[in-house]
$ cat input22.cif   # mmCIF, C-alpha atoms and all ligand atoms
data_coords
loop_
_atom_site.label_atom_id
_atom_site.label_comp_id
_atom_site.auth_asym_id
_atom_site.auth_seq_id
_atom_site.Cartn_x
_atom_site.Cartn_y
_atom_site.Cartn_z
CA MET A 1 -15.79 7.92 7.88
CA ARG A 2 -15.71 6.49 4.39
CA CYS A 3 -12.32 5.58 2.94
CA GLU A 4 -11.91 7.31 -0.41
CA LYS A 5 -9.66 4.54 -1.70
CA CYS A 6 -11.72 1.41 -0.95
CA ASN A 7 -15.12 2.96 -0.02
CA THR A 8 -15.28 1.10 3.29
CA VAL A 9 -16.90 2.95 6.18
CA THR A 10 -14.58 2.56 9.18
CA PRO A 11 -13.33 4.61 12.13
CA ASP A 12 -9.85 3.08 11.62
CA GLY A 13 -8.24 5.63 9.38
CA GLN A 14 -7.23 9.25 9.12
CA SER A 15 -7.39 12.30 6.90
CA PHE A 16 -4.33 13.17 4.85
CA THR A 17 -3.67 16.72 3.72
CA PHE A 18 -2.12 17.81 0.46
CA HIS A 19 -1.79 21.15 -1.33
CA TYR A 20 -2.46 22.04 -4.92
CA GLY A 21 -1.80 24.94 -7.21
CA LYS A 22 -0.87 26.06 -10.69
CA SER A 23 2.56 26.18 -12.19
CA MET A 24 3.12 29.68 -13.61
CA GLY A 25 6.25 29.05 -15.67
CA THR A 26 9.97 28.96 -14.95
CA SER A 27 12.76 31.47 -14.55
CA GLN A 28 16.52 31.14 -14.58
CA THR A 29 19.27 32.90 -12.69
CA LEU A 30 23.01 32.74 -13.20
CA GLN A 31 25.39 32.58 -10.26
CA GLY A 32 28.91 32.37 -11.60
CA THR A 33 28.97 29.36 -13.88
CA TRP A 34 25.90 27.84 -12.23
CA ARG A 35 22.50 28.22 -13.77
CA PHE A 36 19.49 27.76 -11.48
CA GLU A 37 16.03 27.14 -12.80
CA TYR A 38 12.98 27.91 -10.70
CA THR A 39 9.38 26.90 -11.25
CA HIS A 40 6.84 29.35 -9.90
CA PHE A 41 3.58 28.15 -8.41
CA ARG A 42 0.40 29.86 -7.44
CA ILE A 43 -1.07 27.92 -4.52
CA GLY A 44 -4.76 27.17 -4.97
CA GLY A 45 -5.62 25.51 -1.67
CA SER A 46 -5.42 22.30 0.28
CA ALA A 47 -7.59 19.21 0.55
CA GLU A 48 -8.12 16.48 3.12
CA VAL A 49 -8.75 12.90 2.09
CA TYR A 50 -9.79 10.15 4.50
CA ILE A 51 -7.99 6.84 3.91
CA CYS A 52 -8.43 3.74 6.08
CA ASP A 53 -5.56 2.04 7.91
CA LEU A 54 -5.88 -1.14 5.87
CA CYS A 55 -5.43 0.70 2.56
CA MET A 56 -2.40 2.51 4.01
CA GLY A 57 -0.96 -0.69 5.48
CA ARG A 58 -1.23 -2.44 2.13
CA LEU A 59 0.96 0.26 0.61
CA PHE A 60 3.70 -0.32 3.16
CA ARG A 61 3.63 -4.11 3.06
CA GLY A 62 2.77 -4.89 -0.52
CA PHE A 63 5.56 -7.39 -0.77
CA SER A 64 5.13 -9.50 2.33
CA ALA A 65 1.70 -10.84 1.28
CA LEU A 66 3.45 -12.42 -1.70
CA ILE A 67 6.18 -13.85 0.52
CA LEU A 68 3.56 -15.31 2.86
CA ILE A 69 1.69 -16.92 -0.05
CA ILE A 70 4.97 -18.52 -1.14
CA LEU A 71 5.53 -19.69 2.45
CA ALA A 72 2.02 -21.16 2.52
CA TRP A 73 2.78 -23.04 -0.70
CA LEU A 74 6.07 -24.33 0.68
CA SER A 75 4.64 -25.44 4.00
CA SER A 76 1.71 -27.22 2.38
CA THR A 77 4.09 -28.93 -0.04
CA ILE A 78 6.20 -30.12 2.91
CA ILE A 79 3.08 -31.46 4.65
CA PHE A 80 2.18 -33.13 1.36
CA LEU A 81 5.53 -34.82 1.07
CA ALA A 82 5.48 -35.81 4.73
CA ILE A 83 2.28 -37.71 4.02
CA LEU A 84 3.24 -39.05 0.59
CA ILE A 85 6.75 -40.33 1.30
CA PRO A 86 5.78 -42.78 4.07
CA LEU A 87 2.85 -43.95 1.95
CA LEU A 88 5.11 -44.64 -1.01
CA GLN A 89 7.67 -46.46 1.13
CA LEU A 90 5.03 -48.67 2.68
CA ASN A 91 3.72 -49.35 -0.79
CA VAL A 92 0.12 -48.93 0.37
CA ILE A 93 -0.67 -45.97 -1.85
CA ASP A 94 -3.60 -46.61 -4.16
CA VAL A 95 -5.46 -44.37 -6.56
CA ASP A 96 -8.07 -43.29 -3.99
CA ILE A 97 -5.55 -42.18 -1.34
CA GLY A 98 -3.39 -40.49 -3.99
CA SER A 99 -6.24 -38.54 -5.54
CA GLY A 100 -7.58 -37.66 -2.08
CA ILE A 101 -4.28 -36.08 -1.13
CA ILE A 102 -3.96 -34.33 -4.48
CA LEU A 103 -7.49 -32.90 -4.15
CA GLY A 104 -6.87 -31.97 -0.52
CA GLY A 105 -3.71 -30.05 -1.42
CA PRO A 106 -5.34 -27.01 -3.04
CA VAL A 107 -7.87 -26.83 -0.16
CA LEU A 108 -5.03 -26.86 2.36
CA VAL A 109 -3.20 -24.16 0.43
CA ALA A 110 -6.36 -22.03 0.19
CA VAL A 111 -6.96 -22.32 3.96
CA LEU A 112 -3.34 -21.42 4.73
CA VAL A 113 -3.30 -18.47 2.33
CA ASP A 114 -6.59 -17.20 3.75
CA TYR A 115 -5.24 -17.52 7.28
CA TYR A 116 -2.02 -15.73 6.45
CA LEU A 117 -3.81 -12.95 4.59
CA SER A 118 -6.25 -12.32 7.44
CA ARG A 119 -3.31 -12.17 9.84
CA GLN A 120 -1.66 -9.81 7.39
CA ASP A 121 -4.62 -7.41 7.44
CA GLU A 122 -4.46 -7.10 11.24
CA TYR A 123 -0.71 -6.74 11.07
CA LYS A 124 -0.99 -3.95 8.51
CA LYS A 125 -3.62 -2.04 10.48
CA ASN A 126 -1.46 -2.25 13.60
CA LEU A 127 1.56 -1.09 11.65
CA VAL A 128 -0.32 2.04 10.52
CA ARG A 129 -1.63 2.66 14.07
CA ARG A 130 1.91 2.52 15.42
CA MET A 131 3.13 4.87 12.69
CA ARG A 132 0.32 7.32 13.50
CA ALA A 133 1.09 7.13 17.23
CA SER A 134 4.70 8.05 16.53
CA ASN A 135 3.69 10.89 14.17
CA SER A 136 5.42 9.15 11.28
CA ARG A 137 6.47 11.45 8.47
CA ARG A 138 6.50 8.47 6.13
CA LEU A 139 2.82 7.87 6.90
CA SER A 140 1.75 11.47 6.30
CA GLU A 141 3.81 11.70 3.11
CA THR A 142 2.61 8.38 1.67
CA GLY A 143 -0.96 9.25 2.68
CA ALA A 144 -0.68 12.61 0.95
CA GLU A 145 0.67 10.91 -2.20
CA GLN A 146 -2.37 8.61 -2.18
CA ALA A 147 -4.71 11.54 -1.54
CA ILE A 148 -3.21 13.33 -4.55
CA LEU A 149 -3.75 10.25 -6.73
CA LEU A 150 -7.38 10.07 -5.63
CA ARG A 151 -8.20 13.75 -6.19
CA ARG A 152 -5.83 14.63 -8.99
CA ALA A 153 -8.15 14.10 -11.95
CA GLY A 154 -10.90 16.28 -10.44
CA LEU A 155 -8.51 19.12 -9.61
CA GLU A 156 -6.86 18.94 -13.03
CA GLY A 157 -10.35 19.45 -14.43
CA GLU A 158 -10.40 22.74 -12.47
CA GLY A 159 -7.09 23.77 -14.03
CA TYR A 160 -4.67 22.82 -11.23
CA ASN A 161 -1.48 21.12 -12.37
CA ALA A 162 0.79 21.17 -9.32
CA PHE A 163 0.36 18.95 -6.27
CA PHE A 164 2.39 18.91 -3.08
CA THR A 165 2.72 16.61 -0.08
CA PRO A 166 3.13 18.44 3.28
CA ALA A 167 6.93 18.03 3.14
CA GLN A 168 7.12 19.29 -0.46
CA TYR A 169 4.87 22.20 0.44
CA ASN A 170 7.08 23.16 3.38
CA ASN A 171 10.13 23.12 1.12
CA LEU A 172 8.67 25.66 -1.31
CA SER A 173 10.29 29.03 -0.95
CA ARG A 174 7.90 31.93 -0.52
CA LYS A 175 8.04 35.47 -1.78
ZN ZN B 201 -9.58 1.88 2.49
#
$ encode --input "input22.cif" --output "structure tokens" --more "lines below"
Ligand SMILES: [Zn+2]
Amino acid sequence: MRCEKCNTVTPDGQSFTFHYGKSMGTSQTLQGTWRFEYTHFRIGGSAEVYICDLCMGRLFRGFSALILIILAWLSSTIIFLAILIPLLQLNVIDVDIGSGIILGGPVLVAVLVDYYLSRQDEYKKNLVRRMRASNSRRLSETGAEQAILLRRAGLEGEGYNAFFTPAQYNNLSRK
């Protein structure tokens, strides 16, 4: 299946369902001193959108990639200093060694960041697999929100202006 978010063809993913419709105006009722306002919808249908586990995982762990990059920077700086400090104390540092270390630094950081990010991708996919295995409501809701974002413009072109995740849809009262 092809992921609608990143266009990758992969079996690691799932279809997320959302519902769409048209808002048909509001009405108000008075109960004592309370005024309730209701929005009325006409449901148009539902859609399924396939999104891969990596795209979903990135939504849940958007922050930790940044933290890991900072950790990579810190650890490479520590390695740096561990090499530089003894060199300085021994007074054997010359321009060639110094520039070699300085040039090697960015390479080391790039390797570390790449390593951490590749580990992150596997971690994220596994996270989504575990969520799917436990029938996670957070996964189906977040997936539906993404599905809405991906299809919204097309459906708005057809006149639909109301979009619901499965939980929102189940909370609608029916007449
Ligand atoms: Zn994807």
$ residues_near_ligand --input "input22.cif" --ligand "ligand ZN 201 (chain B)" --cutoff "7 Å" --atoms "only C-alpha atoms and all ligand atoms" --output "number ranges by chain"
A: 3-8, 51-55
$ axis_aligned_box --input "input22.cif" --around "segment 45-62 of chain A" --padding-each-side "8 Å" --output "AutoDock Vina command-line options"
--center_x -3.0 --center_y 10.3 --center_z 3.1 --size_x 29.5 --size_y 46.4 --size_z 25.6
$ atom_distance --input "input22.cif" --atom1 "atom CA of Glu48 of chain A" --atom2 "atom CA of Gly25 of chain A"
26.8 Å
$ closest_residue --input "input22.cif" --among "A:Arg119, A:Lys125, A:Arg58, A:Arg132" --to "Gln146 of chain A" --atoms "only C-alpha atoms"
A:Arg58
$ residues_around --input "input22.cif" --residues "segment 138-145 of chain A" --least-positions-apart "5" --cutoff "12 Å" --atoms "all atoms listed in the file" --output "JSON, numbers by chain"
{"A": [3, 4, 5, 13, 14, 15, 16, 17, 18, 19, 20, 46, 47, 48, 49, 50, 51, 52, 53, 54, 55, 56, 57, 58, 59, 60, 127, 128, 129, 130, 131, 132, 133, 150, 151, 152, 163, 164, 165, 166, 167, 168, 169, 170]}
$ closest_residue --input "input22.cif" --among "A:Ala162, A:Val109, A:Leu172, A:Ile69" --to "Gly21 of chain A" --atoms "all atoms listed in the file"
A:Ala162
